[in-house]
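S.K.: As input, take coords-v9.txt (compact mmCIF, C-alpha atoms and all ligand atoms):
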```
# COMPACT_ATOMS: atom_id res chain seq x y z
CA MET A 1 120.06 139.24 112.18
CA GLY A 2 121.57 142.17 114.00
CA THR A 3 120.60 144.21 116.99
CA ILE A 4 117.87 146.75 116.29
CA ILE A 5 117.38 148.25 119.77
CA GLU A 6 120.18 148.48 122.30
CA LEU A 7 120.19 149.99 125.79
CA ARG A 8 123.50 150.66 127.50
CA SER A 9 123.35 151.35 131.25
CA VAL A 10 120.06 153.22 130.98
CA SER A 11 118.57 154.69 134.17
CA LYS A 12 115.51 156.78 134.97
CA ARG A 13 115.19 158.63 138.23
CA PHE A 14 111.93 160.08 139.54
CA GLY A 15 112.91 162.34 142.45
CA GLY A 16 114.98 160.09 144.70
CA PHE A 17 113.63 156.88 143.18
CA LEU A 18 115.39 154.89 140.47
CA ALA A 19 112.52 153.39 138.47
CA VAL A 20 114.99 152.01 135.92
CA ASN A 21 118.43 151.25 137.30
CA ASP A 22 121.39 150.72 134.98
CA CYS A 23 119.61 148.53 132.43
CA SER A 24 121.46 147.08 129.46
CA LEU A 25 119.67 144.90 126.95
CA SER A 26 119.24 144.39 123.24
CA VAL A 27 116.45 143.40 120.90
CA THR A 28 117.35 141.44 117.78
CA ALA A 29 115.90 142.58 114.44
CA GLY A 30 113.09 140.27 113.40
CA SER A 31 112.46 138.93 116.90
CA VAL A 32 109.41 139.09 119.12
CA THR A 33 111.10 139.92 122.41
CA GLY A 34 109.14 139.80 125.66
CA LEU A 35 109.58 142.00 128.72
CA ILE A 36 108.08 140.65 131.92
CA GLY A 37 108.34 141.33 135.64
CA PRO A 38 106.26 142.14 138.70
CA ASN A 39 104.20 145.34 138.99
CA GLY A 40 106.42 148.38 139.40
CA ALA A 41 109.48 146.65 137.94
CA GLY A 42 110.05 149.58 135.57
CA LYS A 43 108.89 147.95 132.33
CA SER A 44 106.63 150.77 131.12
CA THR A 45 109.19 153.38 132.15
CA LEU A 46 111.81 151.55 130.09
CA PHE A 47 109.42 151.45 127.11
CA ASN A 48 108.68 155.15 127.49
CA MET A 49 112.38 155.87 127.13
CA VAL A 50 112.82 153.60 124.10
CA ALA A 51 109.79 155.19 122.41
CA GLY A 52 110.93 158.75 123.10
CA ASN A 53 108.15 159.58 125.58
CA LEU A 54 110.64 160.01 128.45
CA ALA A 55 114.31 161.01 128.36
CA PRO A 56 116.68 158.76 130.30
CA THR A 57 118.46 160.24 133.33
CA SER A 58 121.62 158.50 132.13
CA GLY A 59 122.74 155.87 129.64
CA THR A 60 122.52 155.42 125.89
CA ILE A 61 119.82 154.09 123.58
CA LEU A 62 120.77 152.91 120.09
CA LEU A 63 118.38 152.26 117.22
CA ASP A 64 119.90 150.30 114.36
CA GLY A 65 123.35 151.21 115.70
CA GLU A 66 122.67 154.95 115.89
CA ASP A 67 122.53 156.90 119.13
CA VAL A 68 118.91 158.06 119.53
CA THR A 69 119.06 158.93 123.24
CA GLY A 70 116.65 161.75 124.02
CA LEU A 71 115.04 161.88 120.57
CA GLU A 72 111.32 162.64 120.58
CA ALA A 73 108.66 160.08 119.76
CA HIS A 74 107.95 161.64 116.33
CA GLU A 75 111.64 161.50 115.40
CA LEU A 76 111.77 157.81 116.31
CA PHE A 77 108.53 157.28 114.38
CA SER A 78 110.20 158.66 111.26
CA ARG A 79 112.91 156.01 111.79
CA GLY A 80 110.29 153.27 111.88
CA LEU A 81 109.78 152.79 115.62
CA LEU A 82 106.31 153.11 117.07
CA ARG A 83 104.66 152.46 120.38
CA THR A 84 100.96 151.66 120.11
CA PHE A 85 98.52 153.78 122.02
CA GLN A 86 94.85 153.33 122.67
CA ILE A 87 92.72 154.93 119.96
CA ALA A 88 92.30 158.47 121.26
CA HIS A 89 88.85 159.47 122.34
CA GLU A 90 88.49 162.10 119.63
CA PHE A 91 88.90 159.46 116.90
CA SER A 92 86.19 157.18 118.26
CA HIS A 93 83.53 158.92 116.14
CA MET A 94 85.47 158.21 112.95
CA THR A 95 85.16 154.95 111.06
CA VAL A 96 87.80 152.24 111.14
CA THR A 97 88.88 153.06 107.58
CA GLU A 98 89.09 156.78 108.37
CA ASN A 99 91.20 156.01 111.45
CA LEU A 100 93.66 154.14 109.27
CA MET A 101 93.68 156.76 106.52
CA MET A 102 94.63 159.58 108.87
CA VAL A 103 97.83 157.94 110.12
CA PRO A 104 100.60 160.29 109.04
CA SER A 105 102.91 158.92 106.39
CA ARG A 106 106.56 158.52 107.32
CA GLN A 107 107.65 159.64 103.87
CA SER A 108 106.13 162.86 102.53
CA GLY A 109 104.55 165.64 104.52
CA GLU A 110 101.22 166.45 102.88
CA SER A 111 101.28 170.09 101.89
CA LEU A 112 98.25 172.32 101.67
CA LEU A 113 99.90 174.29 98.90
CA GLU A 114 100.33 171.10 96.94
CA ALA A 115 96.69 170.17 97.45
CA TRP A 116 95.82 173.54 95.91
CA LEU A 117 98.33 173.46 93.07
CA ARG A 118 98.17 169.80 92.18
CA PRO A 119 94.73 168.48 93.13
CA ALA A 120 94.94 165.50 90.75
CA ARG A 121 98.11 164.21 92.37
CA VAL A 122 96.64 164.62 95.86
CA ALA A 123 93.54 162.73 94.77
CA ARG A 124 95.74 159.93 93.44
CA GLU A 125 97.55 159.80 96.77
CA GLU A 126 94.26 159.63 98.62
CA THR A 127 93.23 156.69 96.45
CA ALA A 128 96.52 154.97 97.23
CA ILE A 129 96.08 155.55 100.95
CA ARG A 130 92.55 154.17 100.80
CA ARG A 131 93.81 151.09 98.96
CA LYS A 132 96.49 150.62 101.56
CA ALA A 133 93.92 150.89 104.37
CA GLU A 134 91.88 148.19 102.65
CA GLU A 135 94.94 145.94 102.38
CA VAL A 136 95.63 146.45 106.07
CA LEU A 137 92.02 145.58 106.96
CA ASP A 138 92.22 142.45 104.81
CA PHE A 139 95.56 141.44 106.31
CA LEU A 140 94.17 141.78 109.85
CA LYS A 141 90.90 140.10 108.78
CA ILE A 142 88.75 142.96 110.07
CA ALA A 143 87.45 144.21 106.72
CA HIS A 144 83.89 143.51 107.92
CA VAL A 145 84.12 146.40 110.42
CA ARG A 146 85.62 148.90 107.95
CA ASN A 147 82.64 151.28 108.19
CA GLU A 148 82.06 150.81 111.92
CA LEU A 149 82.81 153.76 114.20
CA ALA A 150 86.04 153.05 116.08
CA GLY A 151 84.28 153.82 119.36
CA ASN A 152 81.88 150.91 118.76
CA LEU A 153 84.60 148.27 118.39
CA SER A 154 85.21 145.63 121.07
CA GLY A 155 88.39 145.87 123.15
CA GLY A 156 90.12 143.27 121.00
CA GLN A 157 89.08 144.88 117.72
CA LYS A 158 90.46 148.20 118.99
CA LYS A 159 93.79 146.47 119.57
CA LEU A 160 93.72 145.17 115.99
CA LEU A 161 93.03 148.71 114.79
CA GLU A 162 96.05 149.91 116.80
CA LEU A 163 98.14 147.30 115.01
CA GLY A 164 96.63 148.44 111.72
CA ARG A 165 97.78 151.98 112.41
CA THR A 166 101.37 150.76 112.78
CA MET A 167 101.02 149.04 109.38
CA MET A 168 99.73 152.24 107.76
CA ALA A 169 102.79 154.03 109.12
CA ASP A 170 105.15 151.29 107.89
CA ALA A 171 106.55 151.13 111.38
CA LYS A 172 108.73 148.06 111.51
CA ILE A 173 109.67 148.13 115.18
CA VAL A 174 106.59 148.07 117.36
CA LEU A 175 106.39 148.31 121.14
CA LEU A 176 103.29 146.78 122.72
CA ASP A 177 102.50 147.48 126.40
CA GLU A 178 99.94 145.06 127.85
CA ILE A 179 97.83 144.57 124.75
CA ALA A 180 96.11 141.51 126.26
CA ALA A 181 94.57 143.46 129.14
CA GLY A 182 90.79 143.43 128.80
CA VAL A 183 90.73 141.42 125.56
CA ASN A 184 88.64 138.25 125.40
CA ARG A 185 90.26 134.89 124.55
CA THR A 186 89.01 134.64 120.96
CA LEU A 187 90.22 138.09 120.00
CA LEU A 188 93.44 137.53 121.91
CA ASN A 189 94.03 134.59 119.61
CA ASP A 190 93.39 136.80 116.54
CA LEU A 191 95.71 139.44 117.95
CA ALA A 192 98.46 136.87 118.58
CA SER A 193 98.21 135.37 115.11
CA ASN A 194 98.33 138.83 113.54
CA ILE A 195 101.46 139.65 115.52
CA GLU A 196 102.98 136.35 114.33
CA ARG A 197 102.09 137.11 110.71
CA LEU A 198 103.41 140.68 110.86
CA ASN A 199 106.61 139.25 112.31
CA GLN A 200 107.02 136.31 109.94
CA GLU A 201 105.50 137.63 106.71
CA LEU A 202 106.36 141.34 106.91
CA GLY A 203 109.50 141.24 109.05
CA TYR A 204 108.23 143.32 111.95
CA THR A 205 110.23 143.36 115.17
CA PHE A 206 108.08 143.40 118.32
CA PHE A 207 109.04 144.33 121.87
CA VAL A 208 106.21 143.22 124.10
CA ILE A 209 105.34 143.92 127.76
CA GLU A 210 102.79 141.40 128.94
CA HIS A 211 101.49 139.81 132.13
CA ASP A 212 99.67 137.06 130.21
CA MET A 213 102.18 134.20 130.33
CA ASP A 214 100.31 132.12 127.74
CA LEU A 215 100.67 134.96 125.27
CA ILE A 216 104.33 135.50 126.20
CA GLY A 217 105.00 131.77 125.82
CA ARG A 218 103.31 131.66 122.44
CA LEU A 219 104.86 134.79 120.93
CA CYS A 220 108.09 135.74 122.61
CA ASP A 221 111.61 134.44 122.32
CA PRO A 222 113.64 135.59 124.08
CA VAL A 223 111.98 136.89 127.23
CA ILE A 224 113.73 139.55 129.33
CA VAL A 225 112.88 139.71 133.05
CA MET A 226 112.97 142.98 134.99
CA ALA A 227 112.57 143.38 138.74
CA ALA A 228 112.98 146.47 140.91
CA GLY A 229 114.31 148.55 138.03
CA SER A 230 116.97 146.10 136.86
CA VAL A 231 117.29 143.43 134.20
CA MET A 232 117.47 140.10 136.05
CA THR A 233 117.87 137.60 133.28
CA GLU A 234 116.97 136.77 129.72
CA GLY A 235 116.14 133.49 128.00
CA HIS A 236 113.54 131.13 126.66
CA ILE A 237 110.24 131.23 128.57
CA ALA A 238 110.58 127.57 129.62
CA ASP A 239 113.88 128.34 131.37
CA ILE A 240 112.61 131.64 132.80
CA GLN A 241 109.69 129.87 134.46
CA LYS A 242 112.08 127.48 136.23
CA ASN A 243 114.49 130.21 137.31
CA GLU A 244 114.54 130.42 141.13
CA ALA A 245 115.53 134.09 141.24
CA VAL A 246 112.67 135.01 138.88
CA ILE A 247 110.16 133.05 140.97
CA GLU A 248 111.45 134.83 144.07
CA ALA A 249 111.15 138.23 142.36
CA TYR A 250 107.55 137.52 141.49
CA PHE A 251 106.63 136.12 144.91
CA GLY A 252 108.98 137.78 147.36
CA GLY A 253 107.03 140.21 149.53
CA SER A 254 104.55 141.06 146.79
CA PRO A 255 100.77 140.99 147.17
CA THR A 256 100.86 137.95 144.86
CA GLY A 257 102.89 135.99 147.42
CA ASN A 258 100.33 133.21 147.77
CA ALA A 259 100.56 132.27 144.10
CA THR A 260 102.37 129.02 143.33
CA THR A 261 103.42 129.54 139.71
CA ILE A 262 104.81 132.44 137.74
CA SER A 263 101.71 132.30 135.59
CA ALA A 264 99.48 132.73 138.63
CA ALA A 265 101.66 135.54 139.97
CA ALA A 266 101.66 137.23 136.58
CA GLU A 267 97.92 136.83 136.31
CA ALA A 268 97.53 138.51 139.69
CA ALA A 269 99.90 141.27 138.59
CA ARG A 270 97.86 141.68 135.43
CA GLY A 271 94.76 142.20 137.51
CA ALA A 272 96.51 144.72 139.74
CA GLY A 273 98.29 146.58 136.96
CA ALA A 274 95.75 146.50 134.16
CA PRO A 275 94.80 149.94 132.90
CA ALA A 276 91.19 150.95 133.46
N1 LIG B 301 106.08 159.68 136.27
C1 LIG B 301 106.45 159.02 137.38
N2 LIG B 301 106.76 159.68 138.51
C2 LIG B 301 107.13 159.01 139.63
N3 LIG B 301 107.22 157.66 139.72
C3 LIG B 301 106.90 156.96 138.63
C4 LIG B 301 106.49 157.58 137.40
N4 LIG B 301 106.25 156.62 136.49
C5 LIG B 301 106.47 155.44 137.12
N5 LIG B 301 106.87 155.66 138.40
C6 LIG B 301 107.25 154.61 139.37
O1 LIG B 301 108.29 153.86 138.78
C7 LIG B 301 108.12 152.47 139.11
C8 LIG B 301 108.07 151.65 137.84
O2 LIG B 301 106.82 151.92 137.19
P1 LIG B 301 106.45 151.27 135.80
O3 LIG B 301 105.13 151.81 135.42
O4 LIG B 301 107.57 151.43 134.86
O5 LIG B 301 106.31 149.73 136.22
P2 LIG B 301 105.79 148.49 135.35
O6 LIG B 301 106.85 147.47 135.41
O7 LIG B 301 105.32 148.93 134.04
O8 LIG B 301 104.56 147.97 136.26
P3 LIG B 301 103.13 147.34 135.80
O9 LIG B 301 103.39 145.89 135.52
O10 LIG B 301 102.29 147.52 137.03
O11 LIG B 301 102.63 148.11 134.64
C9 LIG B 301 106.87 152.37 139.97
O12 LIG B 301 107.25 152.35 141.32
C10 LIG B 301 106.12 153.63 139.63
O13 LIG B 301 105.33 154.05 140.71
MG MG B 302 103.51 148.95 133.05
```
Now that the file is in, can you turn its structure into structure tokens?

M.R.:
Amino acid sequence: MGTIIELRSVSKRFGGFLAVNDCSLSVTAGSVTGLIGPNGAGKSTLFNMVAGNLAPTSGTILLDGEDVTGLEAHELFSRGLLRTFQIAHEFSHMTVTENLMMVPSRQSGESLLEAWLRPARVAREETAIRRKAEEVLDFLKIAHVRNELAGNLSGGQKKLLELGRTMMADAKIVLLDEIAAGVNRTLLNDLASNIERLNQELGYTFFVIEHDMDLIGRLCDPVIVMAAGSVMTEGHIADIQKNEAVIEAYFGGSPTGNATTISAAAEAARGAGAPA
């Protein structure tokens, strides 16, 4: 399989501070690639650039071999790349099925004129979208909450709904930033197995930022390590966890300095960096 995402010497400067400093990396199509590193390493900033939420200060980003540097998030979305976001507050009063059905299609823009001129066709499309939403709910094994208001879902179920939205959009390259934060163990297991199935059965590529080393170890190969804005190393999690420079990056001078394993340091970082 080829490279689907490639960064060449990408940097992001905030004022005088280089949050991302000359990063080059690539993500292989069909992989679940992890991105780890201490708090403030620049992981989310790097994701924001890949997803089109921030323009790089310098460097080049390629998607499927094409230069997409500086393209907006919606333009990348139409090329099949999507970053998940928490279900927005205004959608919390809609049901799970409705949340899925309102994901914009990547193919045809729905036209009001068409709805007026060709109501039968629009109705057929609505039926197709509803059927697709039901397939997504079945795939994720959350059909039992289809009529629940999104705002009433547990943290883990909301994450599954976020994944469901990527399936409705037919996004095939999905960026996940700290999906494990605030999710209980049982639902984390569901989330992980759904990511595995989307990857193995439907060919999704995932690029995953995570402080939960168990989840990284289960899902991700390879794992890329960032520290202080730069890519340090890349490899299998078992090798990463033995890498002296990585251990030093996690422990050196950080508030997690009393931890004795990368997992413990990452767990501490997760606590410090978890979104509210
Ligand atoms: N919009 C911004 N303006 C100024 N500085 C920023 C901005 N966004 C991020 N930074 C800084 O850039 C650095 C990298 O932040 P980033 O959020 O990318 O780190 P991270 O690796 O995702 O950390 P965490 O694991 O805590 O989520 C931090 O020092 C942060 O304070
Ligand atoms: Mg972050």

S.K.: Of the candidates A:Phe91, A:Phe207, A:Phe17, A:Phe251, which shows the shortest atom-to-atom distance to Ala51 of chain A, using all atoms listed in the file?

M.R.: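 Smallest separation from Ala51 of chain A among the options: A:Phe207.
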
S.K.: Considering all atoms listed in the file, give me a table of residues in chain A that are at most 12 Å from ligand LIG 301 (chain B), with the closest atom pair and distance in Å for each, as a tab-separated table.

M.R.:
```
residue	atom	partner	partner_atom	distance
A:Ser11	CA	B:LIG301	O1	11.3
A:Lys12	CA	B:LIG301	O1	8.7
A:Arg13	CA	B:LIG301	N3	8.2
A:Phe14	CA	B:LIG301	C2	4.9
A:Gly15	CA	B:LIG301	C2	7.2
A:Gly16	CA	B:LIG301	C2	9.4
A:Phe17	CA	B:LIG301	N3	7.3
A:Leu18	CA	B:LIG301	O1	7.4
A:Ala19	CA	B:LIG301	O1	4.3
A:Val20	CA	B:LIG301	C8	7.2
A:Asn21	CA	B:LIG301	C8	10.4
A:Leu35	CA	B:LIG301	O6	9.1
A:Ile36	CA	B:LIG301	O6	7.8
A:Gly37	CA	B:LIG301	O6	6.3
A:Pro38	CA	B:LIG301	O9	5.7
A:Asn39	CA	B:LIG301	O10	3.5
A:Gly40	CA	B:LIG301	O5	3.5
A:Ala41	CA	B:LIG301	O6	3.7
A:Gly42	CA	B:LIG301	O4	3.2
A:Lys43	CA	B:LIG301	O6	3.7
A:Ser44	CA	B:LIG301	O7	3.7
A:Thr45	CA	B:LIG301	O4	3.7
A:Leu46	CA	B:LIG301	O4	6.4
A:Phe47	CA	B:LIG301	O4	8.0
A:Asn48	CA	B:LIG301	O4	8.3
A:Met49	CA	B:LIG301	O4	10.1
A:Asn53	CA	B:LIG301	N1	10.9
A:Leu54	CA	B:LIG301	N1	9.1
A:Ala55	CA	B:LIG301	N1	11.5
A:Leu176	CA	B:LIG301	O7	11.7
A:Asp177	CA	B:LIG301	O11	8.3
A:Glu178	CA	B:LIG301	O11	7.9
A:Ile179	CA	B:LIG301	O11	11.5
A:Ala181	CA	B:LIG301	O11	10.8
A:Val208	CA	B:LIG301	O7	11.5
A:Ile209	CA	B:LIG301	O7	8.0
A:Glu210	CA	B:LIG301	O9	8.0
A:His211	CA	B:LIG301	O9	7.2
A:Asp212	CA	B:LIG301	O9	11.0
A:Val225	CA	B:LIG301	O6	10.1
A:Met226	CA	B:LIG301	O6	7.6
A:Ala227	CA	B:LIG301	O6	7.8
A:Ala228	CA	B:LIG301	C8	7.8
A:Gly229	CA	B:LIG301	C8	7.0
A:Ser230	CA	B:LIG301	O6	10.3
A:Val231	CA	B:LIG301	O6	11.3
A:Tyr250	CA	B:LIG301	O9	11.1
A:Ser254	CA	B:LIG301	O10	11.9
A:Ala265	CA	B:LIG301	O9	11.4
A:Ala266	CA	B:LIG301	O9	8.9
A:Glu267	CA	B:LIG301	O9	10.6
A:Ala268	CA	B:LIG301	O9	10.3
A:Ala269	CA	B:LIG301	O9	6.6
A:Arg270	CA	B:LIG301	O9	7.0
A:Gly271	CA	B:LIG301	O10	9.2
A:Ala272	CA	B:LIG301	O10	7.0
A:Gly273	CA	B:LIG301	O10	4.1
A:Ala274	CA	B:LIG301	O11	7.1
A:Pro275	CA	B:LIG301	O11	8.2
A:Ala276	CA	B:LIG301	O11	11.8
```

S.K.: Can you pull out every residue within 9 Å of Leu187 of chain A, counting only C-alpha atoms, but drop anything in the same chain fewer than 3 positions away, and send it as a PyMOL selection string?

M.R.: chain A and resi 155-157+160+183-184+190-192

S.K.: What does the distance from atom CA of Val136 of chain A to atom CA of Met168 of chain A come to in Å, to one decimal?

M.R.: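 These two atoms are separated by 7.3 Å.
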
S.K.: Quick one: residues within 12 Å of Arg131 of chain A, all atoms listed in the file counted, chain neighbours fewer than 5 positions away excluded, as a ChimeraX atom specification?

M.R.: /A:97-98,100-101,124-126,136-138,168

S.K.: Between atom CA of Ser92 of chain A and atom CA of Leu188 of chain A, what is the distance in Å, rounded to a tenth?

M.R.: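 Between atom CA of Ser92 of chain A and atom CA of Leu188 of chain A the gap works out to 21.3 Å.
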
S.K.: Any idea what the distance is between atom CA of Thr28 of chain A and atom CA of Ala249 of chain A?

M.R.: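 Pair atom CA of Thr28 of chain A / atom CA of Ala249 of chain A returns 25.6 Å.
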
S.K.: Have a look at A:Arg165, A:Arg8, A:Lys132, A:Arg146 and name the one nearest to Val103 of chain A; count all atoms listed in the file.

M.R.: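 Ranking A:Arg165, A:Arg8, A:Lys132, A:Arg146 by distance to Val103 of chain A, first place goes to A:Arg165.
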
S.K.: Between A:Thr95, A:Thr33, A:Thr233, A:Thr84, which has the minimum distance to Glu196 of chain A (counting all atoms listed in the file)?

M.R.: A:Thr33

S.K.: From the list A:Val27, A:Val32, A:Met94, A:Leu198, which residue is nearest Leu63 of chain A when using all atoms listed in the file?

M.R.: A:Val27

S.K.: I'd like to know which of A:Ser31, A:Thr57, A:Asn147, A:Thr205 is closest to Asn99 of chain A, using all atoms listed in the file.

M.R.: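 Comparing A:Ser31, A:Thr57, A:Asn147, A:Thr205 against Asn99 of chain A, the winner is A:Asn147.
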
S.K.: Restricting the calculation to only C-alpha atoms, which member of A:Ile4, A:Ile195, A:Leu175, A:Gly182 is positioned closest to Leu140 of chain A?

M.R.: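 With only C-alpha atoms as the atom set, the closest residue is A:Ile195.
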
S.K.: Which residues, written as number ranges by chain, have at least one atom at most 12 Å from Lys242 of chain A, with all atoms listed in the file counted and residues fewer than 5 positions away on the same chain left out?

M.R.: A: 235-237, 247-248, 261-263

S.K.: Please output segment 197-213 of chain A, rebuilt to include N, CA, C and O atoms, as a PDB file, in the coordinates of the input.

M.R.:
```pdb
ATOM      1  N   ARG A 197     102.018 136.914 112.163  1.00  0.00           N
ATOM      2  CA  ARG A 197     102.090 137.110 110.710  1.00  0.00           C
ATOM      3  C   ARG A 197     102.867 138.381 110.356  1.00  0.00           C
ATOM      4  O   ARG A 197     103.623 138.414 109.384  1.00  0.00           O
ATOM      5  N   LEU A 198     102.643 139.447 111.120  1.00  0.00           N
ATOM      6  CA  LEU A 198     103.410 140.680 110.860  1.00  0.00           C
ATOM      7  C   LEU A 198     104.896 140.415 111.046  1.00  0.00           C
ATOM      8  O   LEU A 198     105.733 140.927 110.300  1.00  0.00           O
ATOM      9  N   ASN A 199     105.217 139.591 112.039  1.00  0.00           N
ATOM     10  CA  ASN A 199     106.610 139.250 112.310  1.00  0.00           C
ATOM     11  C   ASN A 199     107.178 138.358 111.197  1.00  0.00           C
ATOM     12  O   ASN A 199     108.230 138.649 110.628  1.00  0.00           O
ATOM     13  N   GLN A 200     106.460 137.302 110.864  1.00  0.00           N
ATOM     14  CA  GLN A 200     107.020 136.310 109.940  1.00  0.00           C
ATOM     15  C   GLN A 200     106.883 136.718 108.475  1.00  0.00           C
ATOM     16  O   GLN A 200     107.788 136.505 107.681  1.00  0.00           O
ATOM     17  N   GLU A 201     105.730 137.322 108.122  1.00  0.00           N
ATOM     18  CA  GLU A 201     105.500 137.630 106.710  1.00  0.00           C
ATOM     19  C   GLU A 201     106.032 139.014 106.330  1.00  0.00           C
ATOM     20  O   GLU A 201     106.465 139.236 105.205  1.00  0.00           O
ATOM     21  N   LEU A 202     105.964 139.972 107.258  1.00  0.00           N
ATOM     22  CA  LEU A 202     106.360 141.340 106.910  1.00  0.00           C
ATOM     23  C   LEU A 202     107.624 141.806 107.647  1.00  0.00           C
ATOM     24  O   LEU A 202     108.048 142.944 107.498  1.00  0.00           O
ATOM     25  N   GLY A 203     108.204 140.927 108.444  1.00  0.00           N
ATOM     26  CA  GLY A 203     109.500 141.240 109.050  1.00  0.00           C
ATOM     27  C   GLY A 203     109.465 142.240 110.204  1.00  0.00           C
ATOM     28  O   GLY A 203     110.486 142.842 110.540  1.00  0.00           O
ATOM     29  N   TYR A 204     108.297 142.420 110.808  1.00  0.00           N
ATOM     30  CA  TYR A 204     108.230 143.320 111.950  1.00  0.00           C
ATOM     31  C   TYR A 204     109.024 142.784 113.134  1.00  0.00           C
ATOM     32  O   TYR A 204     109.024 141.581 113.378  1.00  0.00           O
ATOM     33  N   THR A 205     109.641 143.690 113.881  1.00  0.00           N
ATOM     34  CA  THR A 205     110.230 143.360 115.170  1.00  0.00           C
ATOM     35  C   THR A 205     109.261 143.842 116.252  1.00  0.00           C
ATOM     36  O   THR A 205     108.779 144.982 116.186  1.00  0.00           O
ATOM     37  N   PHE A 206     108.960 142.996 117.216  1.00  0.00           N
ATOM     38  CA  PHE A 206     108.080 143.400 118.320  1.00  0.00           C
ATOM     39  C   PHE A 206     108.817 143.330 119.643  1.00  0.00           C
ATOM     40  O   PHE A 206     109.598 142.422 119.889  1.00  0.00           O
ATOM     41  N   PHE A 207     108.535 144.317 120.496  1.00  0.00           N
ATOM     42  CA  PHE A 207     109.040 144.330 121.870  1.00  0.00           C
ATOM     43  C   PHE A 207     107.783 144.451 122.727  1.00  0.00           C
ATOM     44  O   PHE A 207     107.031 145.424 122.600  1.00  0.00           O
ATOM     45  N   VAL A 208     107.535 143.426 123.527  1.00  0.00           N
ATOM     46  CA  VAL A 208     106.210 143.220 124.100  1.00  0.00           C
ATOM     47  C   VAL A 208     106.248 143.127 125.619  1.00  0.00           C
ATOM     48  O   VAL A 208     106.893 142.227 126.172  1.00  0.00           O
ATOM     49  N   ILE A 209     105.550 144.047 126.313  1.00  0.00           N
ATOM     50  CA  ILE A 209     105.340 143.920 127.760  1.00  0.00           C
ATOM     51  C   ILE A 209     104.018 143.192 127.960  1.00  0.00           C
ATOM     52  O   ILE A 209     103.010 143.583 127.375  1.00  0.00           O
ATOM     53  N   GLU A 210     104.033 142.157 128.781  1.00  0.00           N
ATOM     54  CA  GLU A 210     102.790 141.400 128.940  1.00  0.00           C
ATOM     55  C   GLU A 210     102.802 140.647 130.260  1.00  0.00           C
ATOM     56  O   GLU A 210     103.816 140.106 130.658  1.00  0.00           O
ATOM     57  N   HIS A 211     101.638 140.642 130.925  1.00  0.00           N
ATOM     58  CA  HIS A 211     101.490 139.810 132.130  1.00  0.00           C
ATOM     59  C   HIS A 211     100.869 138.467 131.798  1.00  0.00           C
ATOM     60  O   HIS A 211     100.863 137.568 132.627  1.00  0.00           O
ATOM     61  N   ASP A 212     100.313 138.321 130.598  1.00  0.00           N
ATOM     62  CA  ASP A 212      99.670 137.060 130.210  1.00  0.00           C
ATOM     63  C   ASP A 212     100.751 136.078 129.746  1.00  0.00           C
ATOM     64  O   ASP A 212     101.307 136.212 128.658  1.00  0.00           O
ATOM     65  N   MET A 213     101.067 135.107 130.611  1.00  0.00           N
ATOM     66  CA  MET A 213     102.180 134.200 130.330  1.00  0.00           C
ATOM     67  C   MET A 213     101.902 133.260 129.158  1.00  0.00           C
ATOM     68  O   MET A 213     102.829 132.802 128.488  1.00  0.00           O
TER      69      MET A 213
END
```
